[in-house]
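Undergrad: First, the structure itself, so that you have it in front of you.
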Amino acid sequence: MALSGLDIYKLLPKTNCKKCGFQTCLAFAMQLAKKAVSLDKCPSVGESVRLKLEEASLPAIRLVEIGTGERRVAVGQETVLFRHEEKFHHPTAIGLIVEDDLPVAELDRTLGQIRSLRFERVGQQIGVELVALRNTSARTEVFVEQLRRIRAAVSLPLVLMACSAETLKAALRLCASERPLVYCPKATDLEAFVTVCKESHVPLAFRASSLEEFSAATKKAAQAGFADLVLDIPENTTTERLWQLTQIRRLSLKKGERSLGFPTMVVVNTAVESEAVCQAAAYIAKYASILLVRTTKPEHILPLLTLRQNIYTDPQKPLQVEPNVYPVGAVSQDSPLLVTTNFSLTYYTVLGEIESSRRPCYLLCMDTEGMSVLTAWAAEKFGAEQIADTLTKFKLADTVRHKSIVIPGYVAMMSGDLEDKSGWRVVVGPREASGLPVFLKNLAQG
Amino acid sequence: MAEELKMITTWSQAVCEMRLGAGRQEGGSRKVTLTVGGEETLPFLFKEGALPHTPLIAVEIFDVPQDDEPEALRRDLRGISKDPVTWAKAMVEDIGADLVCVKLAGIHPDGANTSAGQAVNLVTKILGAVDRPLIVLGCGEAGRDNEVLPLVSEATKGERLLFGDAVQENYKTLTAACIADGHNIIAESPIDVNIAKQLNILISDLGMPLDRIIINPTIGALGYGLEYAYSIMERARNAALSGDRMLAMPFICFVGQESWRAKEAKVPASESPAWGDQRERGIMWEVVTAMSCLQAGADILTMRHPQAIKIVKSEIQELMKKAQS
């Protein structure tokens with residue numbers, strides 16, 4: 001947890017010796033809090049203070065990386081409890097569990113499904129990040145054999161859910177350099193797993209029955225020099241798991257509890273797909289860093305990936321739609337042309353209303369840098385000049401032959417100016433998108 | 001043994017409790033009455049405070065047939081959605097909807113333009129057919145709603161129903177009717193916590209008790225702006241629990257209406273094979289939208305698909321199970 005200037009001041013000698021270049025220790029402390037100056041400038045500060053300040057500058061929740069190269073995923077290092085306070089930084093990594101006792105044909109089919117779980121939404125690629133192999137057979141050679149098949153078929157980072165340290169070692173001989181996440185299912189095996197993971201430089205997720213046990217275990221691992229840990233929330237009711245996830249987030253961020261400052265993982269084991277989706281949705285909203293599920297059907301995974309995209313969107317930087325001319329429905333050269341901004345919420349609201357009107361239209365989406373209609377107008381991103389330029393840029397005179405454009409009611413004041421600048425006829429539409437179905441119904445053809 | 005690791009937030013105020021439906025003793029005719037709100041903490045944190053009432057699911061039904069229903073809805077509601085009374089009854093008795101939300105879409109002057117008398121008649125009939133409270137929504141055209149809704153309110157006087165939506169530009173007529181006839185009111189704000197608060201103040205200034213107002217924060221569907229309302233709800237609920245009386249109302253989220261407009265709920269698998277089965281996808285779009293609203297503090301979810309209602313209802317029961325340890 002970051003220290004304030006006053007917190008740091010309390011640790012300084014308070015002699016105002018000026019050797020650091022500042023008039024007072026307080027002034028120096030304030031600059032330290034802003035990270036504008038190095039502590040080395042103070043000649044009299046002791047080693048214990050130095051350690052304290054160093055520790056305070058570490059993130060409250062550790063960042064853990066799984067995989068290597070471009071498919072690498074990073075989880076943790078969150079800074080807030082609510083996305084409106086700042087944003088959520090590292091999206092929940094979603095992984096699919098594959099049992100190692102699956103017949104080969106079924107495994108191949110599952111891997112094929114996993115490969116196809118990539119989608120494009122509002123200009124972003126979204127997909128699952130991890131494949132978890134579970135040692136259901138409890139046999140080393142089966143686990144290793146299936147691991148070979150998976151590595152040959154998919155390039156996603158792996159989660160190794162091996163039953164024993166022996167099996168784990170055999171698996172790591174194949175893929176330790178790819179930095180898989182290791183999973184330790186039994187508390188009694190933890191020490192052995194920590195030793196193996198430390199040697200192989202791979203992160204480790206482990207399960208404990210209470211927050212106190214998690215805390216004791218991470219402290220012990222830290223003493224052994226290992227900190228790449230993930231806390232796996234044990235099976236319980238959804239409500240109890242949500243409580244633990246919330247407590248871990250609160251204690252690490254608000255109480256500076258370093259022994260709980262690690263990414264979290266939830267395994268959703270239910271085979272009933274609708275239940276799994278419901279539970280997974282709750283954990284995406286509330287603080288799971290890694291989520292492992294068993295369903296591989298796109299109709300179940302797509303809603304979860306979409307929810308994750310929504311929750312992890314930066315509230316300060318709204319999602320934008322690519323500026324372009326979008327046909328809505330079976331358009332012709334006589335279809336009305338409407339213009340709106342590329343703020344995704346505005347764009348999709350307008351799009352939805354045009355669709356529900358069932359009148360084919362062209363929707364011109366302007367580059368307003370993600371601002372909504374009135375904000376963009378005030379910032380001169382959605383004025384007569386910009387719209388006139390965009391009409392030319394996208395050659396809209398070739399797209400429709402009526403040469404008239406519908407503008408949002410909120411910017412009615414620009415009509416005259418836009419007619420002058422573009423040479424197009426301007427029709428003022430409704431102020432709110434919800435008025436579009438009626439407006440379009442009454443709008444004359446052509 | 002190390003001391004217990006726990007961090008409890010001390011909140012200063014609970015959300016208002018809204019009662020829905022009045023029984024015989026109270027001047028109504030409802031056999032089943034319901035209560036929402038009353039939360040003393042954030043969603044499902046039972047170890048921190050009381051969450052005395054289970055979130056409810058209202059089934060969205062229409063007075064006149066909707067000809068643009070997505071395939072999955074049309075097929076699965078076939079045979080019942082032609083007649084609103086049959087529809088309401090089936091969704092309550094067979095599917096387990098907690099209450100019925102009737103949208104009087106037909107009174108819109110540019111739509112079917114049905115008469116006020118027809119609207120009153122229909123609502124009275126549904127009241128007769130189901131033993132639960134109703135939510136009654138206008139068509140969204142201010143002038144027409146102000147003509148029709150007060151008549152419906154008067155005809156159902158004393159039943160303690162929920163009427164909507166009051167908006168900043170048009171709240172007086174509906175508020176007056178609801179006060180006079182003992183109903184509750186939905187206050188709708190456009191994804192804006194300040195307007196939500198302002199509207200609650202305006203409505204309460206007319207004399208409406210705070211525990212008879214519910215906030216409609218205007219949600220977007222999953223993938224269509226869901227996160228905006230999600231954060232507005234989190235902000236409003238945090239403010240409510242921290243002592244802001246004018247935001248301490250329950251939330252109603254129009255999940256069905258929004259999620260079935262999403263492309264993902266409507267596009268057939270033949271057009272988008274990578275998206276998987278169309279029916280299941282539409283249902284899941286509604287389900288995940290609902291589950292997200294619950295995590296942000298929703299008290300009433302209005303929903304459409306029978307299967308989605310069943311799934312979310314069972315999941316709500318799961319979430320309301322207090323943890324064992």
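For the structure tokens, the naming scheme is as follows: chains receive sequential letters (A, B, ...) according to their order of presentation, residues are indexed from 1 within each chain, and ligands are indexed from 1 in presentation order.
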Can I get the residues of chain B within 6 Å of chain A, each with the closest pair of atoms and their distance in Å to one decimal, using only C-alpha atoms, sorted chain first then ascending number, as a Markdown table?

TA:
| residue | atom | partner | partner_atom | distance |
| --- | --- | --- | --- | --- |
| B:Gly223 | CA | A:Thr306 | CA | 5.7 |
| B:Gly225 | CA | A:Leu345 | CA | 5.5 |
| B:Glu227 | CA | A:Asn310 | CA | 5.3 |
| B:Ser231 | CA | A:His84 | CA | 6.0 |
| B:Trp275 | CA | A:Pro298 | CA | 5.4 |
| B:Gly276 | CA | A:Glu299 | CA | 4.9 |
| B:Arg281 | CA | A:Glu299 | CA | 4.6 |
| B:Leu319 | CA | A:Thr239 | CA | 5.4 |
| B:Ala323 | CA | A:Glu240 | CA | 5.1 |

Undergrad: At a cut-off of 9 Å, using only C-alpha atoms, what residues contact B:Met233? Leave out same-chain residues fewer than 5 positions from it and give the result as a list in words.

TA: Ile191, Val193, Pro217, Tyr228, Asn238, Phe251, Cys293, Ala296, Gly297 and Ala298 of chain B

Undergrad: Those residues you just picked out, can you put them in a file as a PDB file, in the first residue's frame with C-alpha atoms?

TA:
ATOM      1  CA  ILE B 191     -27.615   5.985 -16.405  1.00  0.00           C
ATOM      2  CA  VAL B 193     -26.617   8.815 -10.415  1.00  0.00           C
ATOM      3  CA  PRO B 217     -31.081   2.998 -13.495  1.00  0.00           C
ATOM      4  CA  TYR B 228     -22.351   1.791 -17.214  1.00  0.00           C
ATOM      5  CA  ASN B 238     -22.497   2.591  -1.763  1.00  0.00           C
ATOM      6  CA  PHE B 251     -33.362  -1.111  -7.990  1.00  0.00           C
ATOM      7  CA  CYS B 293     -27.407  -6.850 -12.291  1.00  0.00           C
ATOM      8  CA  ALA B 296     -24.612  -4.686  -8.654  1.00  0.00           C
ATOM      9  CA  GLY B 297     -27.568  -4.768  -6.244  1.00  0.00           C
ATOM     10  CA  ALA B 298     -30.738  -5.388  -8.301  1.00  0.00           C
TER      11      ALA B 298
END

Undergrad: So that I can check the surroundings of B:Thr9, please list as a list of chain:residue names every protein, DNA and RNA residue that reaches within 8 Å of it, counting only C-alpha atoms and ignoring chain neighbours fewer than 2 positions away.

TA: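 Near neighbours after the sequence-gap exclusion: B:Met7, B:Trp11, B:Glu48.
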
Undergrad: Show me, as number ranges by chain, the residues that have an atom within 7 Å of B:Val85 when counting only C-alpha atoms, minus same-chain residues fewer than 6 positions from it.

TA: B: 125-126, 129

Undergrad: For B:Thr10, which of B:Pro43, B:Gly49, B:Pro190, B:Gly117 is the closest residue, counting only C-alpha atoms?

TA: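 Closest to B:Thr10 of all the choices is B:Gly49.
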
Undergrad: Which parts of stretch 114-354 of chain A does DSSP call strand (DSSP E) when run on the backbone here, written out as a VMD selection string?

TA: chain A and resid 118 to 121 124 to 127 130 to 134 158 to 161 181 to 184 204 to 207 229 to 233 264 to 267 290 to 293 324 to 328 337 to 340

Undergrad: Could you check the closest approach to A:Ser209 for each of A:Ile290, A:Cys197, A:Ala192, A:Ile233 and tell me which residue wins, using only C-alpha atoms?

TA: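 Closest to A:Ser209, using only C-alpha atoms: A:Ile233.
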
Undergrad: Just checking: using only C-alpha atoms, which residue out of A:Phe226, A:Pro336, A:Tyr287, A:Glu369 ends up closest to A:Lys317?

TA: A:Glu369

Undergrad: Quick one: residues within 9 Å of stretch 155-160 of chain A, only C-alpha atoms counted, chain neighbours fewer than 2 positions away excluded, as a ChimeraX atom specification?

TA: /A:66-68,71-73,95,97,115,128-135,147,150-153,162,168,171-172,178-184

Undergrad: List the neighbours of stretch 167-174 of chain B out to 12 Å using only C-alpha atoms; skip same-chain residues closer than 4 positions along the sequence, and give me the result as a ChimeraX atom specification.

TA: /B:136-138,140-154,162-163,178-190,192,194-208,213,215-218
